Amino acid sequence: MLHFLHDCGTAPATKTTEGHHFRRVALQCRILDAHGERPRLGPLYGRLMARAAELGLFRGERRTARRPPMDVSSGRGFVFVSHTGEVHPSGFPPVSAGNVHGRPLTEIYRDSALFTALRDPSLLRGRCGACEFKAVCGGSRSRAYGFTGDVLESDPYCAYEPGSFPYRDELRSLTESTRCRPPGAPYGA
């Protein structure tokens, strides 16, 4: 499904809230395109693309106009404040970093142990910690928490096998050149 959304470009505007893997797919497609390769995709992809063409979603070249996926996820450019003032990395995991009635939101976001940990991909554990896409994807911290009780554990719904992408040097170069801040640095710093 993510490859379909990627290849449709802007025909359907794509915003992923808990689809962190979309950033991985976008980078993989960019590198594979440069090598003239395409990922092997299943029959669902073919059916979706055929239906999108029937509906006239493609105007001209479908792969030229695409907005890059944003590197925003739980605790990384995103914060949720509950009606009681509790500050969470998103609206999904019930784990609080503090309360705005006791500390300013900016201070909680910049300095709390929870938010600083979420901004440091080197602290991810399991498959997410071993993944070469962890700095741009990071997996769903909400799903990790929901399944394990630990926001830094692996995303249980990720099907990607770390280390299986063949162009690691190009990936490293691309992720380093597009990083807007060092890992773990607070936004706005």
# chains A, B, ... in the order shown; residues from 1 in each chain; ligands from 1

$ select_by_dssp --residues "range 13-55 of chain A" --states "alpha helix (DSSP H)" --output "PDB file with N, CA, C and O atoms, in the first residue's frame"
ATOM      1  N   HIS A  21       6.879   4.049   8.146  1.00  0.00           N
ATOM      2  CA  HIS A  21       7.577   3.273   7.127  1.00  0.00           C
ATOM      3  C   HIS A  21       7.514   3.947   5.758  1.00  0.00           C
ATOM      4  O   HIS A  21       8.299   3.629   4.878  1.00  0.00           O
ATOM      5  N   PHE A  22       6.581   4.901   5.588  1.00  0.00           N
ATOM      6  CA  PHE A  22       6.461   5.604   4.313  1.00  0.00           C
ATOM      7  C   PHE A  22       7.755   6.342   3.979  1.00  0.00           C
ATOM      8  O   PHE A  22       8.168   6.399   2.826  1.00  0.00           O
ATOM      9  N   ARG A  23       8.419   6.894   4.969  1.00  0.00           N
ATOM     10  CA  ARG A  23       9.686   7.587   4.724  1.00  0.00           C
ATOM     11  C   ARG A  23      10.742   6.607   4.222  1.00  0.00           C
ATOM     12  O   ARG A  23      11.543   6.930   3.347  1.00  0.00           O
ATOM     13  N   ARG A  24      10.753   5.406   4.772  1.00  0.00           N
ATOM     14  CA  ARG A  24      11.689   4.368   4.308  1.00  0.00           C
ATOM     15  C   ARG A  24      11.394   4.026   2.860  1.00  0.00           C
ATOM     16  O   ARG A  24      12.291   3.970   2.022  1.00  0.00           O
ATOM     17  N   VAL A  25      10.129   3.807   2.539  1.00  0.00           N
ATOM     18  CA  VAL A  25       9.731   3.457   1.177  1.00  0.00           C
ATOM     19  C   VAL A  25      10.138   4.560   0.197  1.00  0.00           C
ATOM     20  O   VAL A  25      10.661   4.289  -0.882  1.00  0.00           O
ATOM     21  N   ALA A  26       9.924   5.817   0.574  1.00  0.00           N
ATOM     22  CA  ALA A  26      10.271   6.934  -0.309  1.00  0.00           C
ATOM     23  C   ALA A  26      11.772   6.961  -0.594  1.00  0.00           C
ATOM     24  O   ALA A  26      12.188   7.168  -1.744  1.00  0.00           O
ATOM     25  N   LEU A  27      12.595   6.741   0.416  1.00  0.00           N
ATOM     26  CA  LEU A  27      14.040   6.724   0.206  1.00  0.00           C
ATOM     27  C   LEU A  27      14.468   5.525  -0.637  1.00  0.00           C
ATOM     28  O   LEU A  27      15.316   5.648  -1.527  1.00  0.00           O
ATOM     29  N   GLN A  28      13.893   4.365  -0.364  1.00  0.00           N
ATOM     30  CA  GLN A  28      14.225   3.183  -1.149  1.00  0.00           C
ATOM     31  C   GLN A  28      13.875   3.406  -2.617  1.00  0.00           C
ATOM     32  O   GLN A  28      14.685   3.106  -3.498  1.00  0.00           O
ATOM     33  N   CYS A  29      12.690   3.942  -2.880  1.00  0.00           N
ATOM     34  CA  CYS A  29      12.271   4.178  -4.268  1.00  0.00           C
ATOM     35  C   CYS A  29      13.191   5.173  -4.961  1.00  0.00           C
ATOM     36  O   CYS A  29      13.544   5.001  -6.130  1.00  0.00           O
ATOM     37  N   ARG A  30      13.594   6.203  -4.254  1.00  0.00           N
ATOM     38  CA  ARG A  30      14.490   7.212  -4.836  1.00  0.00           C
ATOM     39  C   ARG A  30      15.809   6.583  -5.270  1.00  0.00           C
ATOM     40  O   ARG A  30      16.311   6.839  -6.363  1.00  0.00           O
ATOM     41  N   ILE A  31      16.380   5.759  -4.415  1.00  0.00           N
ATOM     42  CA  ILE A  31      17.658   5.124  -4.726  1.00  0.00           C
ATOM     43  C   ILE A  31      17.483   4.072  -5.814  1.00  0.00           C
ATOM     44  O   ILE A  31      18.282   4.002  -6.761  1.00  0.00           O
ATOM     45  N   LEU A  32      16.445   3.264  -5.726  1.00  0.00           N
ATOM     46  CA  LEU A  32      16.216   2.242  -6.747  1.00  0.00           C
ATOM     47  C   LEU A  32      15.955   2.872  -8.106  1.00  0.00           C
ATOM     48  O   LEU A  32      16.439   2.377  -9.132  1.00  0.00           O
ATOM     49  N   ASP A  33      15.196   3.977  -8.140  1.00  0.00           N
ATOM     50  CA  ASP A  33      14.951   4.689  -9.399  1.00  0.00           C
ATOM     51  C   ASP A  33      16.266   5.123 -10.039  1.00  0.00           C
ATOM     52  O   ASP A  33      16.435   5.036 -11.252  1.00  0.00           O
ATOM     53  N   ALA A  34      17.198   5.609  -9.231  1.00  0.00           N
ATOM     54  CA  ALA A  34      18.493   6.058  -9.748  1.00  0.00           C
ATOM     55  C   ALA A  34      19.266   4.907 -10.382  1.00  0.00           C
ATOM     56  O   ALA A  34      20.097   5.120 -11.266  1.00  0.00           O
ATOM     57  N   PRO A  43       0.330  -8.442  -6.135  1.00  0.00           N
ATOM     58  CA  PRO A  43      -0.853  -8.197  -6.971  1.00  0.00           C
ATOM     59  C   PRO A  43      -1.727  -7.044  -6.478  1.00  0.00           C
ATOM     60  O   PRO A  43      -2.378  -6.388  -7.282  1.00  0.00           O
ATOM     61  N   LEU A  44      -1.731  -6.773  -5.185  1.00  0.00           N
ATOM     62  CA  LEU A  44      -2.527  -5.656  -4.675  1.00  0.00           C
ATOM     63  C   LEU A  44      -2.049  -4.346  -5.287  1.00  0.00           C
ATOM     64  O   LEU A  44      -2.857  -3.511  -5.693  1.00  0.00           O
ATOM     65  N   TYR A  45      -0.737  -4.166  -5.387  1.00  0.00           N
ATOM     66  CA  TYR A  45      -0.175  -2.962  -5.984  1.00  0.00           C
ATOM     67  C   TYR A  45      -0.688  -2.801  -7.421  1.00  0.00           C
ATOM     68  O   TYR A  45      -1.131  -1.717  -7.817  1.00  0.00           O
ATOM     69  N   GLY A  46      -0.637  -3.863  -8.194  1.00  0.00           N
ATOM     70  CA  GLY A  46      -1.105  -3.814  -9.579  1.00  0.00           C
ATOM     71  C   GLY A  46      -2.572  -3.451  -9.678  1.00  0.00           C
ATOM     72  O   GLY A  46      -2.969  -2.632 -10.523  1.00  0.00           O
ATOM     73  N   ARG A  47      -3.390  -4.032  -8.813  1.00  0.00           N
ATOM     74  CA  ARG A  47      -4.832  -3.721  -8.825  1.00  0.00           C
ATOM     75  C   ARG A  47      -5.081  -2.261  -8.440  1.00  0.00           C
ATOM     76  O   ARG A  47      -5.905  -1.582  -9.052  1.00  0.00           O
ATOM     77  N   LEU A  48      -4.379  -1.773  -7.436  1.00  0.00           N
ATOM     78  CA  LEU A  48      -4.555  -0.388  -7.013  1.00  0.00           C
ATOM     79  C   LEU A  48      -4.128   0.584  -8.109  1.00  0.00           C
ATOM     80  O   LEU A  48      -4.811   1.584  -8.370  1.00  0.00           O
ATOM     81  N   MET A  49      -2.999   0.317  -8.758  1.00  0.00           N
ATOM     82  CA  MET A  49      -2.530   1.196  -9.820  1.00  0.00           C
ATOM     83  C   MET A  49      -3.492   1.186 -11.004  1.00  0.00           C
ATOM     84  O   MET A  49      -3.768   2.237 -11.593  1.00  0.00           O
ATOM     85  N   ALA A  50      -4.017   0.020 -11.351  1.00  0.00           N
ATOM     86  CA  ALA A  50      -4.976  -0.070 -12.462  1.00  0.00           C
ATOM     87  C   ALA A  50      -6.239   0.716 -12.128  1.00  0.00           C
ATOM     88  O   ALA A  50      -6.767   1.456 -12.972  1.00  0.00           O
ATOM     89  N   ARG A  51      -6.715   0.586 -10.917  1.00  0.00           N
ATOM     90  CA  ARG A  51      -7.931   1.302 -10.511  1.00  0.00           C
ATOM     91  C   ARG A  51      -7.696   2.818 -10.482  1.00  0.00           C
ATOM     92  O   ARG A  51      -8.558   3.597 -10.906  1.00  0.00           O
ATOM     93  N   ALA A  52      -6.541   3.244  -9.989  1.00  0.00           N
ATOM     94  CA  ALA A  52      -6.213   4.668  -9.970  1.00  0.00           C
ATOM     95  C   ALA A  52      -6.175   5.229 -11.386  1.00  0.00           C
ATOM     96  O   ALA A  52      -6.653   6.341 -11.640  1.00  0.00           O
ATOM     97  N   ALA A  53      -5.626   4.460 -12.325  1.00  0.00           N
ATOM     98  CA  ALA A  53      -5.587   4.903 -13.726  1.00  0.00           C
ATOM     99  C   ALA A  53      -7.001   5.007 -14.288  1.00  0.00           C
ATOM    100  O   ALA A  53      -7.334   5.966 -14.991  1.00  0.00           O
ATOM    101  N   GLU A  54      -7.855   4.019 -13.965  1.00  0.00           N
ATOM    102  CA  GLU A  54      -9.262   4.062 -14.413  1.00  0.00           C
ATOM    103  C   GLU A  54      -9.967   5.314 -13.914  1.00  0.00           C
ATOM    104  O   GLU A  54     -10.784   5.893 -14.619  1.00  0.00           O
TER     105      GLU A  54
END

$ select_by_dssp --residues "range 20-149 of chain A" --states "strand (DSSP E or B)" --output "list in words"
Ser73, Ser74, Arg76, Gly77, Phe78, Phe80, Val81, Glu86, Val87, His88, Gly98 and Asn99 of chain A

$ atom_distance --atom1 "CA of Ala135 in chain A" --atom2 "CA of Arg76 in chain A"
10.8 Å

$ atom_distance --atom1 "CA of Ser142 in chain A" --atom2 "CA of Val100 in chain A"
21.4 Å
